[in-house]
Each structure stands twice: as structure tokens, then as C-alpha cells.
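Participant: Take a look at this one; I'll ask things after.
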Amino acid sequence: MKVVIVENYKEMSKKAADMIKETVKENPEAVLGLATGSTPEGLYNELIDMNKKGEVDFSNVTTVNLDEYIGLDGNNTQSYRYFMNNKLFDHINVNKERTFVPNGMAENIEEEGKNYDKKIDELGGIDVQILGIGVNGHIAFNEPDDVLTAGTHKTKLTKSTIEANSRFFDTIEEVPTEAITMGLGQILKSKKIILLVKGINKAEVVRELLQGVITTKNPSTMLNMHRDVTIIMEKEVYELIK
Ligand code: F6R
């Protein structure tokens with residue numbers, strides 16, 4: 001596991017964007033695994049900037065996102081499809097038909113999950129997967145539990161996640177309680193993983209991850225089983241861990 005300490009959020013976003021740029025330069029048809037939440041917003045702004053300046057061409061990439069709320073369609077401003085269009089896809093030269101987000105409106109979520117995994121496998125897997133991390137150690141919406149699920153599946157959000165995500169909604173009651181999420185088995189199949197750690201409230205769970213522990217109670221620790229993980233962390237978080 002490679003740990004990169006950066007001065008601030010801007011530098012984190014820039015570093016991650018440079019890594020994506022390199023991946024796309026090496027393989028213009030790369031499959032990019034993307035995340036939502038506040039952490040990758042700076043990265044997406046950097047990518048938009050690079051694309052506008054002609055430094056990176058997304059016309060042949062495919063993107064796959066980690067998760068979506070169940071019950072929200074892509075026009076709902078709180079959905080992750082809307083987030084991705086609004087924060088990235090509408091501003092770069094990606095072919096929208098090759099941007100995939102799990103369908104939270106699917107009648108049969110189990111089947112949707114199976115099809116999503118099949119699609120990723122058919123694409124040849126994810127070349128680089130961007131991850132954020134929850135304050136409880138969740139990765140995508142794989143919440144701490146006695147057991148974790150390998151493939152894309154339906155999951156119930158924990159109280160802590162609902163509370164954390166309520167900042168994007170008018171009231172906490174509006175936050176969906178279920179999601180469809182890529183499982184850790186699928187995430188760990190990615191060729192390269194970049195975990196972005198933004199915010200000192202993530203320090204505790206990241207400390208455990210860096211201790212080399214592997215526990216389903218802190219799903220991020222599963223990343224200890226992957227051979228190519230880069231963690232980009234703000235200095236203020238690292239100060240609390242070291
Ligand atoms: C989002 C996702 C989540 C977030 C995590 C951190 O697609 O999968 O795991 O990465 O909840 O969220 P932020 O970045 O808002 O702190």
C-alpha cells in the first residue's frame with residue numbers, strides 16, 4: 001500500500017487527476033471506476049480543467065460508478081447519476097452511453113447487481129478505481145457488518161451513513177435508507193485503486209486500515225488484500241494517525 005501525504009485538498013485532487021490522466025494516456029479506452037460524495041469533487045474539477053485544455057481525452061473511456069440510492073431516478077437531484085452528470089460527465093467529452101451507474105429504480109435489484117458485475121467483467125474489469133471512505137470505514141456502500149458481499153448488491157445504510165449523507169438533503173427523513181452498491185469482491189478486482197482521504201473525521205478508520213488489520217467491521221481494511229492501492233491523504237489527517 002502506497003501512502004501519499006499531501007498538503008491540502010487541492011493537491012490531493014491534482015495528484016489523483018494526474019494518475020487518471022496517465023491511465024487514459026496509456027490506454028485511451030480505459031475503464032474508470034468512479035465515486036460520488038464530497039471527496040472526489042475536486043478531482044472531477046481538475047479533470048474537467050485538463051479536458052478543456054486538451055490535456056486528456058475521454059472520448060473513448062468507459063466509466064462505472066460504485067453505487068446509487070434505491071428509489072431515486074437519474075433526474076432526481078440527489079441521485080448519484082445526477083451527481084455524476086452534473087459534476088463531471090456534462091463537462092467533459094465522455095460518451096454518456098459509456099457511463100454506467102447502477103440503476104436504483106430497477107424492479108429487480110438483485111438481477112441489476114448481477115448484470116452490473118457482468119458488464120464490468122465484459123469490459124475487461126476496472127483499470128483504476130477511485131474511492132472515498134465513510135467515517136465508519138465503509139467503501140462504496142459496503143457498511144461494517146459480520147459478513148460482506150462480494151458482488152454488486154442491495155444494502156441497508158447504517159444510521160451513521162444516513163446522518164453523514166443528510167447534509168445533502170433538506171431533512172434526514174428524505175435520505176434513502178437503501179442503496180445498490182458494488183461489493184468489495186468486485187472493487188478488489190480493479191487493477192489499481194486510489195483511495196482519497198479527506199477530513200479528520202476519517203482518521204480513526206484509516207489508522208486501522210494502515211495497521212494492516214483485516215476486518216468486516218471496517219470494510220476499508222479489505223484494501224489490505226489488494227496489490228496496488230495508493231492512499232492520498234491530507235496532512236492534517238496523517239498528523240492524527242502517525
Ligand atoms: C460514494 C461512496 C461513499 C463515499 C463515502 C465518503 O460513491 O461510495 O463510500 O465515498 O461515503 O463520502 P464523502 O466523500 O462525502 O465524505
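The chains in the C-alpha cells are called A, B, ... from first to last as shown; in each chain the residues are counted from 1, and the ligands are counted from 1 in the order shown.
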Using only C-alpha atoms, which protein or nucleic acid residues come within 8 Å of Glu178 in chain A? Drop anything in the same chain fewer than 4 positions from it, and give the result as a PDB file with N, CA, C and O atoms, in the first residue's frame.
Facilitator:
```
ATOM      1  N   TYR A  69     -28.492   5.268  -4.833  1.00  0.00           N
ATOM      2  CA  TYR A  69     -29.595   5.099  -3.874  1.00  0.00           C
ATOM      3  C   TYR A  69     -30.731   4.323  -4.524  1.00  0.00           C
ATOM      4  O   TYR A  69     -31.042   4.542  -5.703  1.00  0.00           O
ATOM      5  N   ILE A  70     -31.372   3.470  -3.752  1.00  0.00           N
ATOM      6  CA  ILE A  70     -32.549   2.767  -4.263  1.00  0.00           C
ATOM      7  C   ILE A  70     -33.756   3.701  -4.156  1.00  0.00           C
ATOM      8  O   ILE A  70     -33.957   4.358  -3.126  1.00  0.00           O
ATOM      9  N   LYS A 154     -27.842  -5.200  -3.042  1.00  0.00           N
ATOM     10  CA  LYS A 154     -28.667  -4.230  -2.315  1.00  0.00           C
ATOM     11  C   LYS A 154     -28.203  -4.185  -0.872  1.00  0.00           C
ATOM     12  O   LYS A 154     -27.865  -5.212  -0.292  1.00  0.00           O
ATOM     13  N   THR A 155     -28.171  -2.986  -0.290  1.00  0.00           N
ATOM     14  CA  THR A 155     -27.717  -2.896   1.098  1.00  0.00           C
ATOM     15  C   THR A 155     -28.516  -1.848   1.849  1.00  0.00           C
ATOM     16  O   THR A 155     -29.054  -0.916   1.254  1.00  0.00           O
ATOM     17  N   LYS A 156     -28.577  -2.027   3.162  1.00  0.00           N
ATOM     18  CA  LYS A 156     -29.235  -1.033   4.024  1.00  0.00           C
ATOM     19  C   LYS A 156     -28.157  -0.091   4.542  1.00  0.00           C
ATOM     20  O   LYS A 156     -27.095  -0.548   4.981  1.00  0.00           O
ATOM     21  N   LEU A 157     -28.433   1.188   4.517  1.00  0.00           N
ATOM     22  CA  LEU A 157     -27.443   2.143   5.013  1.00  0.00           C
ATOM     23  C   LEU A 157     -27.507   2.212   6.539  1.00  0.00           C
ATOM     24  O   LEU A 157     -28.585   2.124   7.128  1.00  0.00           O
TER      25      LEU A 157
END
```
Participant: I'd like the neighbourhood of Tyr9 in chain A as a ChimeraX atom specification, where a residue qualifies if any of its atoms comes within 10 Å (using only C-alpha atoms), though same-chain residues fewer than 3 positions away should be ignored.
Facilitator: /A:6,12-15,39-40,42-43,196-199,232-235
Participant: Report the closest atom pair, with its distance in Å rounded to one decimal, for each residue of range 56-172 of chain A that has an atom no farther than 6 Å from range 20-37 of chain A; count only C-alpha atoms, sort by chain and then rising residue number, and write it as a Markdown table.
Facilitator:
```
| residue | atom | partner | partner_atom | distance |
| --- | --- | --- | --- | --- |
| A:Asn60 | CA | A:Glu29 | CA | 5.0 |
| A:Val61 | CA | A:Glu29 | CA | 4.5 |
| A:Thr62 | CA | A:Val31 | CA | 4.8 |
| A:Thr63 | CA | A:Leu32 | CA | 4.7 |
| A:Val64 | CA | A:Gly33 | CA | 4.9 |
| A:Asn65 | CA | A:Leu34 | CA | 4.7 |
| A:Leu66 | CA | A:Ala35 | CA | 5.7 |
| A:Ile126 | CA | A:Val31 | CA | 5.1 |
| A:Asp127 | CA | A:Val31 | CA | 5.3 |
| A:Val128 | CA | A:Leu32 | CA | 5.4 |
| A:Gln129 | CA | A:Gly33 | CA | 4.1 |
| A:Ile130 | CA | A:Leu34 | CA | 5.3 |
| A:Leu131 | CA | A:Ala35 | CA | 5.9 |
```
Participant: Counting only C-alpha atoms, what is within 6 Å of Val237 in chain A, bar same-chain residues fewer than 3 positions away, as JSON, numbers by chain?
Facilitator: {"A": [200, 203, 234, 240]}
Participant: Keeping only N, CA, C and O atoms, take the residues you just selected and write them out as an mmCIF file, in the first residue's frame.
Facilitator:
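Saved file again16.cif follows:
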```cif
data_model
loop_
_atom_site.group_PDB
_atom_site.id
_atom_site.type_symbol
_atom_site.label_atom_id
_atom_site.label_comp_id
_atom_site.auth_asym_id
_atom_site.auth_seq_id
_atom_site.Cartn_x
_atom_site.Cartn_y
_atom_site.Cartn_z
ATOM 1 N N ILE A 200 -10.624 15.065 8.819
ATOM 2 C CA ILE A 200 -10.026 14.429 10.001
ATOM 3 C C ILE A 200 -10.970 13.424 10.651
ATOM 4 O O ILE A 200 -10.526 12.579 11.416
ATOM 5 N N ALA A 203 -9.876 9.791 10.277
ATOM 6 C CA ALA A 203 -8.569 9.358 10.793
ATOM 7 C C ALA A 203 -8.626 7.998 11.506
ATOM 8 O O ALA A 203 -7.770 7.136 11.278
ATOM 9 N N GLU A 234 -4.729 13.869 3.267
ATOM 10 C CA GLU A 234 -4.358 15.222 3.685
ATOM 11 C C GLU A 234 -3.427 15.134 4.884
ATOM 12 O O GLU A 234 -3.593 14.270 5.752
ATOM 13 N N LEU A 240 -2.833 12.998 12.699
ATOM 14 C CA LEU A 240 -3.609 12.350 13.766
ATOM 15 C C LEU A 240 -3.353 10.842 13.835
ATOM 16 O O LEU A 240 -3.676 10.188 14.822
#
```
Participant: Quote the spacing between CA of Thr158 in chain A and CA of Ile231 in chain A in Å to one decimal place.
Facilitator: 24.5 Å
Participant: Of the residues A:Glu111, A:Glu41, A:Asp170, A:Asp49, which is the one nearest to ligand 1, using only C-alpha atoms and all ligand atoms?
Facilitator: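 Comparing A:Glu111, A:Glu41, A:Asp170, A:Asp49 against ligand 1, the winner is A:Glu41.
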Participant: For Lys191 in chain A, which residue among A:Lys87, A:Arg227, A:Lys118, A:Lys2 is the nearest when counting only C-alpha atoms?
Facilitator: A:Arg227
Participant: Run DSSP on the backbone and tell me which residues of range 104-221 of chain A come out as strand (DSSP E); list them as a PyMOL selection string.
Facilitator: chain A and resi 128-131+153-156+178-181+192-197
Participant: Find, counting only C-alpha atoms, the residue in A:Lys114, A:Arg98, A:His153, A:Arg207 that gets nearest to Val135 in chain A.
Facilitator: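 Looking at the shortest contact to Val135 in chain A, the residue is A:Arg207.
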Participant: Pick from A:Ser166, A:Ser38, A:Gly132, A:Ile180: nearest to Met105 in chain A, with only C-alpha atoms counted?
Facilitator: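 The answer is A:Ile180, which sits nearest to Met105 in chain A.
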Participant: Taking only C-alpha atoms and all ligand atoms into account, which of A:Met182, A:Leu188, A:Leu209, A:Met225 comes nearest ligand 1?
Facilitator: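 Between A:Met182, A:Leu188, A:Leu209, A:Met225, the residue approaching ligand 1 most closely is A:Met182.
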Participant: Could you please determine the separation between CA of Val101 in chain A and CA of Ser79 in chain A in Å, to one decimal place?
Facilitator: 10.1 Å
Participant: Compare A:Gly185, A:Gly113, A:Gly124, A:Pro219 by their minimum atom-to-atom distance to ligand 1, counting only C-alpha atoms and all ligand atoms, and give me the closest one.
Facilitator: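 Distance minimum relative to ligand 1 lands on A:Pro219.
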Participant: Could you list, as number ranges by chain, every residue within 10 Å of Asp117 in chain A, counting only C-alpha atoms and ignoring same-chain residues fewer than 2 positions away?
Facilitator: A: 102, 111-115, 119-123, 125, 151-153, 182-183, 186
Participant: Figure out the distance between CA of Ile133 in chain A and CA of Leu223 in chain A, please, to one decimal in Å.
Facilitator: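 Separating CA of Leu223 in chain A from CA of Ile133 in chain A is a distance of 11.4 Å.
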Participant: If DSSP is run on the backbone, what residues of range 5-205 of chain A are helix (DSSP H, G or I)? A reply as number ranges by chain would be ideal.
Facilitator: A: 9-26, 41-52, 80-87, 89-91, 96-98, 109-122, 159-168, 172-174, 184-188, 200-205
